[in-house]
Every structure is written in C-alpha cells, then in structure tokens.
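A short worksheet on the structure shown next.
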Amino acid sequence: MCIPDTGYDTKHTMIVGEAKRRALQWVMEEGSKLPGFQGAYFAGSVTWLPADVELPATSDVDLFVTLDGSVPPEKVGKFVYRDVLLEVSFTTFEQLGSAEQILANHQIAGAFRTPNIITDPSGRLTELQTAVSRGYAKRE
C-alpha cells in the first residue's frame, strides 16, 4: 500500500466534497487492493458536513476499510493523500455485527445513519446502512 509522505500544510483548505472525492480515489487506487477488501465507508465529521462547505484545515477525513476475517490489521492512522489528511482504520463484518449492534454503538451508528458508503462490492455495507438508517431516529 502506497502512503505518500508529502507533509501537510494546516493552512491549506478544501471543500468537503472535494476532500471526499480525493478520499474515494485513495480507496479505489490503494484500499481496494488490500487482501480481503470488502468495501469502505466514511465516518466522522464528513458524514454530516455539507459537501459545499470548507473542511477545517486541521480536520481529517475518516475512512473505514472493511476486510474479510475476524481480526483486522492495525489502523493505518493519519497520512496525507493528494493534499487531504486521511485517517484510515480497518474493520470486519464480524466487528460491525448486525444493524441492531451498530445502532447500539453511537461511534459506529453515525456513519451508517445516512448513505456514507464509498464502495461496497458485496452489498453488505449497503444492507447494514439501510437497516441502520431506518432505526437511527427511533427511541428505544
């Protein structure tokens, strides 16, 4: 996996939509080539920020890459890709669990409450997102 070391200028700004497009490029060019790749989704602030607003220069774009197996590799962490600070983490479908389990975890549920799937060759992430979005606003 190629992780460019270009440095990062915290004075550099970009709109959210462009930052997400560049993150998608990393997923397609690099992340999708990882062994056991099953899909990827956005998490964090880019899931609720409008596409046409400026991403704060000190913010990163959080990505989760879903892989086969029960134990994902260690988190890649933060790195700069095409002038965007990415933070890439790994997960598995076993870790994500069911829609009900995702809804019970506020850290994960926010990423699935709206369509934030980057790519989903198996369709499983989309199924989870659809189920989570239906149950997200319900009070239990």
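Ordering of the structure tokens sets the chain letters (A, B, ...), residue numbers begin anew at 1 in every chain, and ligands are numbered from 1 in the order given.
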What's around Leu85 (chain A) at 9 Å? Count only C-alpha atoms, leave out sequence neighbours fewer than 2 positions away in its own chain, and write the answer as an MDAnalysis selection string. chainID A and resid 8 19 23 57:62 78:83 87
Export of prior selection with C-alpha atoms as an mmCIF file, in the first residue's frame:
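Dumped everything to again15.cif:
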data_model
loop_
_atom_site.group_PDB
_atom_site.id
_atom_site.type_symbol
_atom_site.label_atom_id
_atom_site.label_comp_id
_atom_site.auth_asym_id
_atom_site.auth_seq_id
_atom_site.Cartn_x
_atom_site.Cartn_y
_atom_site.Cartn_z
ATOM 1 C CA TYR A 8 0.588 18.532 5.468
ATOM 2 C CA ALA A 19 -11.894 16.091 0.121
ATOM 3 C CA ALA A 23 -10.536 10.029 -0.287
ATOM 4 C CA ALA A 57 -7.694 22.694 7.728
ATOM 5 C CA THR A 58 -6.990 20.750 10.905
ATOM 6 C CA SER A 59 -9.685 18.145 10.175
ATOM 7 C CA ASP A 60 -9.092 14.775 8.618
ATOM 8 C CA VAL A 61 -11.334 12.569 6.507
ATOM 9 C CA ASP A 62 -12.119 9.380 8.409
ATOM 10 C CA LYS A 78 -3.291 9.641 9.546
ATOM 11 C CA PHE A 79 -1.468 10.448 6.330
ATOM 12 C CA VAL A 80 -1.685 12.953 3.523
ATOM 13 C CA TYR A 81 -3.053 11.874 0.164
ATOM 14 C CA ARG A 82 -3.436 14.461 -2.622
ATOM 15 C CA ASP A 83 -3.436 17.319 -0.112
ATOM 16 C CA GLU A 87 -7.324 8.730 8.754
#
Contacts of region 34-45 of chain A within 6 Å, only C-alpha atoms, excl. fewer than 6 positions in-chain, as a PyMOL selection string: chain A and resi 62-68+111+116-120
As a VMD selection string, which residues of chain A does DSSP assign to strand (DSSP E or B)? chain A and resid 14 to 15 37 to 43 54 to 55 61 to 67 77 to 81 84 to 92 117 to 119
Atoms kept (C-alpha atoms) for selection, written as an mmCIF file, in the first residue's frame:
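File produced: out26.cif:
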data_model
loop_
_atom_site.group_PDB
_atom_site.id
_atom_site.type_symbol
_atom_site.label_atom_id
_atom_site.label_comp_id
_atom_site.auth_asym_id
_atom_site.auth_seq_id
_atom_site.Cartn_x
_atom_site.Cartn_y
_atom_site.Cartn_z
ATOM 1 C CA MET A 14 -10.596 22.414 0.683
ATOM 2 C CA ILE A 15 -14.336 21.961 0.415
ATOM 3 C CA PHE A 37 -11.161 -5.954 0.666
ATOM 4 C CA GLN A 38 -14.948 -5.893 1.153
ATOM 5 C CA GLY A 39 -15.765 -2.189 0.961
ATOM 6 C CA ALA A 40 -15.248 1.203 2.559
ATOM 7 C CA TYR A 41 -17.257 3.967 4.166
ATOM 8 C CA PHE A 42 -16.852 7.477 5.509
ATOM 9 C CA ALA A 43 -17.077 8.231 9.231
ATOM 10 C CA GLU A 54 -14.891 24.254 3.784
ATOM 11 C CA LEU A 55 -13.330 21.354 5.632
ATOM 12 C CA VAL A 61 -11.334 12.569 6.507
ATOM 13 C CA ASP A 62 -12.119 9.380 8.409
ATOM 14 C CA LEU A 63 -12.368 6.205 6.323
ATOM 15 C CA PHE A 64 -13.126 2.673 7.400
ATOM 16 C CA VAL A 65 -11.999 -0.124 5.106
ATOM 17 C CA THR A 66 -13.917 -3.351 5.649
ATOM 18 C CA LEU A 67 -11.916 -6.549 5.196
ATOM 19 C CA GLY A 77 -3.658 6.179 11.027
ATOM 20 C CA LYS A 78 -3.291 9.641 9.546
ATOM 21 C CA PHE A 79 -1.468 10.448 6.330
ATOM 22 C CA VAL A 80 -1.685 12.953 3.523
ATOM 23 C CA TYR A 81 -3.053 11.874 0.164
ATOM 24 C CA VAL A 84 -6.110 15.738 2.112
ATOM 25 C CA LEU A 85 -5.407 14.437 5.591
ATOM 26 C CA LEU A 86 -6.907 10.935 5.710
ATOM 27 C CA GLU A 87 -7.324 8.730 8.754
ATOM 28 C CA VAL A 88 -7.783 5.124 7.673
ATOM 29 C CA SER A 89 -8.989 2.419 10.016
ATOM 30 C CA PHE A 90 -9.927 -1.187 9.336
ATOM 31 C CA THR A 91 -12.939 -3.208 10.401
ATOM 32 C CA THR A 92 -14.579 -6.522 9.568
ATOM 33 C CA ILE A 117 -20.692 4.007 1.717
ATOM 34 C CA ILE A 118 -17.766 4.647 -0.638
ATOM 35 C CA THR A 119 -17.762 1.257 -2.318
#
Calculate how many Å separate CA of Ser70 (chain A) from CA of Phe93 (chain A), rounding to one decimal.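 These atoms are spaced 7.7 Å apart.
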Which of chain A end up as helix (DSSP H, G or I) when DSSP is run on this backbone - answer as a PyMOL selection string? chain A and resi 16-29+31-33+44-47+93-96+99-103+106-112+124-135
Just write the chosen residues, N, CA and C atoms, as a short mmCIF file (atom, residue, chain, number, x, y, z; two decimals), in the first residue's frame.
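New file part.cif:
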data_model
loop_
_atom_site.label_atom_id
_atom_site.label_comp_id
_atom_site.auth_asym_id
_atom_site.auth_seq_id
_atom_site.Cartn_x
_atom_site.Cartn_y
_atom_site.Cartn_z
N VAL A 16 -15.52 20.16 1.48
CA VAL A 16 -15.76 18.78 1.93
C VAL A 16 -15.96 17.84 0.74
N GLY A 17 -16.75 18.25 -0.24
CA GLY A 17 -17.00 17.39 -1.39
C GLY A 17 -15.73 16.99 -2.12
N GLU A 18 -14.80 17.93 -2.29
CA GLU A 18 -13.54 17.62 -2.95
C GLU A 18 -12.68 16.71 -2.08
N ALA A 19 -12.66 16.95 -0.79
CA ALA A 19 -11.89 16.09 0.12
C ALA A 19 -12.42 14.65 0.06
N LYS A 20 -13.75 14.51 0.00
CA LYS A 20 -14.34 13.17 -0.10
C LYS A 20 -14.01 12.51 -1.44
N ARG A 21 -13.98 13.29 -2.52
CA ARG A 21 -13.61 12.74 -3.82
C ARG A 21 -12.18 12.21 -3.80
N ARG A 22 -11.30 12.95 -3.17
CA ARG A 22 -9.90 12.50 -3.09
C ARG A 22 -9.76 11.28 -2.20
N ALA A 23 -10.54 11.22 -1.14
CA ALA A 23 -10.54 10.03 -0.29
C ALA A 23 -11.04 8.82 -1.07
N LEU A 24 -12.08 9.02 -1.86
CA LEU A 24 -12.60 7.95 -2.71
C LEU A 24 -11.51 7.46 -3.66
N GLN A 25 -10.72 8.39 -4.22
CA GLN A 25 -9.62 7.99 -5.10
C GLN A 25 -8.64 7.09 -4.37
N TRP A 26 -8.31 7.43 -3.11
CA TRP A 26 -7.39 6.58 -2.35
C TRP A 26 -7.98 5.18 -2.19
N VAL A 27 -9.26 5.12 -1.86
CA VAL A 27 -9.91 3.81 -1.69
C VAL A 27 -9.81 3.00 -2.97
N MET A 28 -10.12 3.62 -4.10
CA MET A 28 -10.12 2.88 -5.36
C MET A 28 -8.70 2.52 -5.82
N GLU A 29 -7.74 3.41 -5.59
CA GLU A 29 -6.38 3.17 -6.06
C GLU A 29 -5.56 2.31 -5.11
N GLY A 31 -6.76 1.29 -1.27
CA GLY A 31 -7.51 0.48 -0.31
C GLY A 31 -8.15 -0.75 -0.93
N SER A 32 -8.69 -0.60 -2.13
CA SER A 32 -9.39 -1.72 -2.77
C SER A 32 -8.44 -2.85 -3.17
N LYS A 33 -7.15 -2.59 -3.14
CA LYS A 33 -6.16 -3.61 -3.49
C LYS A 33 -5.69 -4.43 -2.28
N GLY A 44 -17.06 10.02 10.85
CA GLY A 44 -16.64 11.31 11.38
C GLY A 44 -17.38 12.49 10.79
N SER A 45 -16.74 13.65 10.85
CA SER A 45 -17.40 14.91 10.51
C SER A 45 -17.86 14.99 9.06
N VAL A 46 -17.18 14.32 8.13
CA VAL A 46 -17.60 14.42 6.73
C VAL A 46 -18.94 13.74 6.48
N THR A 47 -19.44 12.99 7.46
CA THR A 47 -20.75 12.35 7.27
C THR A 47 -21.89 13.33 7.53
N PHE A 93 -16.76 -7.38 8.98
CA PHE A 93 -18.21 -7.53 9.18
C PHE A 93 -18.50 -8.16 10.53
N GLU A 94 -17.60 -9.01 11.00
CA GLU A 94 -17.78 -9.60 12.33
C GLU A 94 -17.75 -8.51 13.40
N GLN A 95 -16.85 -7.56 13.27
CA GLN A 95 -16.78 -6.46 14.24
C GLN A 95 -17.99 -5.54 14.13
N LEU A 96 -18.44 -5.26 12.92
CA LEU A 96 -19.60 -4.39 12.74
C LEU A 96 -20.85 -5.03 13.34
N ALA A 99 -27.30 -4.74 12.27
CA ALA A 99 -27.78 -3.36 12.32
C ALA A 99 -28.12 -2.97 13.76
N GLU A 100 -28.69 -3.89 14.51
CA GLU A 100 -29.04 -3.62 15.90
C GLU A 100 -27.79 -3.35 16.74
N GLN A 101 -26.73 -4.09 16.48
CA GLN A 101 -25.48 -3.87 17.21
C GLN A 101 -24.85 -2.52 16.83
N ILE A 102 -24.96 -2.16 15.56
CA ILE A 102 -24.44 -0.87 15.13
C ILE A 102 -25.23 0.25 15.79
N LEU A 103 -26.55 0.12 15.82
CA LEU A 103 -27.40 1.14 16.44
C LEU A 103 -27.07 1.32 17.93
N HIS A 106 -22.92 4.32 19.42
CA HIS A 106 -23.01 5.66 18.83
C HIS A 106 -21.80 6.02 17.96
N GLN A 107 -20.65 5.43 18.24
CA GLN A 107 -19.47 5.76 17.44
C GLN A 107 -19.56 5.21 16.03
N ILE A 108 -20.24 4.10 15.86
CA ILE A 108 -20.38 3.50 14.54
C ILE A 108 -21.68 3.94 13.88
N ALA A 109 -22.75 4.05 14.65
CA ALA A 109 -24.08 4.32 14.09
C ALA A 109 -24.12 5.61 13.28
N GLY A 110 -23.40 6.63 13.71
CA GLY A 110 -23.41 7.89 12.98
C GLY A 110 -22.94 7.76 11.54
N ALA A 111 -22.02 6.86 11.29
CA ALA A 111 -21.51 6.66 9.94
C ALA A 111 -22.53 5.95 9.05
N PHE A 112 -23.46 5.21 9.68
CA PHE A 112 -24.43 4.43 8.92
C PHE A 112 -25.82 5.06 8.88
N ARG A 124 -23.12 -5.82 1.34
CA ARG A 124 -23.40 -5.98 2.77
C ARG A 124 -23.38 -4.66 3.53
N LEU A 125 -22.47 -3.77 3.20
CA LEU A 125 -22.44 -2.47 3.88
C LEU A 125 -23.71 -1.68 3.59
N THR A 126 -24.16 -1.74 2.35
CA THR A 126 -25.38 -1.03 1.97
C THR A 126 -26.59 -1.60 2.71
N GLU A 127 -26.65 -2.91 2.86
CA GLU A 127 -27.74 -3.53 3.62
C GLU A 127 -27.74 -3.04 5.07
N LEU A 128 -26.55 -3.00 5.67
CA LEU A 128 -26.45 -2.50 7.05
C LEU A 128 -26.85 -1.03 7.13
N GLN A 129 -26.38 -0.23 6.18
CA GLN A 129 -26.69 1.20 6.19
C GLN A 129 -28.20 1.42 6.07
N THR A 130 -28.85 0.69 5.19
CA THR A 130 -30.29 0.83 5.01
C THR A 130 -31.03 0.50 6.30
N ALA A 131 -30.66 -0.60 6.93
CA ALA A 131 -31.32 -1.01 8.18
C ALA A 131 -31.04 -0.02 9.31
N VAL A 132 -29.82 0.46 9.41
CA VAL A 132 -29.46 1.41 10.48
C VAL A 132 -30.20 2.73 10.26
N SER A 133 -30.27 3.19 9.03
CA SER A 133 -30.93 4.48 8.78
C SER A 133 -32.41 4.42 9.15
N ARG A 134 -33.05 3.28 8.97
CA ARG A 134 -34.46 3.13 9.36
C ARG A 134 -34.63 3.21 10.87
N GLY A 135 -33.68 2.67 11.62
CA GLY A 135 -33.82 2.62 13.07
C GLY A 135 -33.10 3.71 13.82
#
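The gap separating CA of Pro121 (chain A) from CA of Gly69 (chain A) is 16.0 Å, in Å to one decimal.
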Between CA of Asn105 (chain A) and CA of Pro72 (chain A), what is the spacing in Å? 18.6 Å
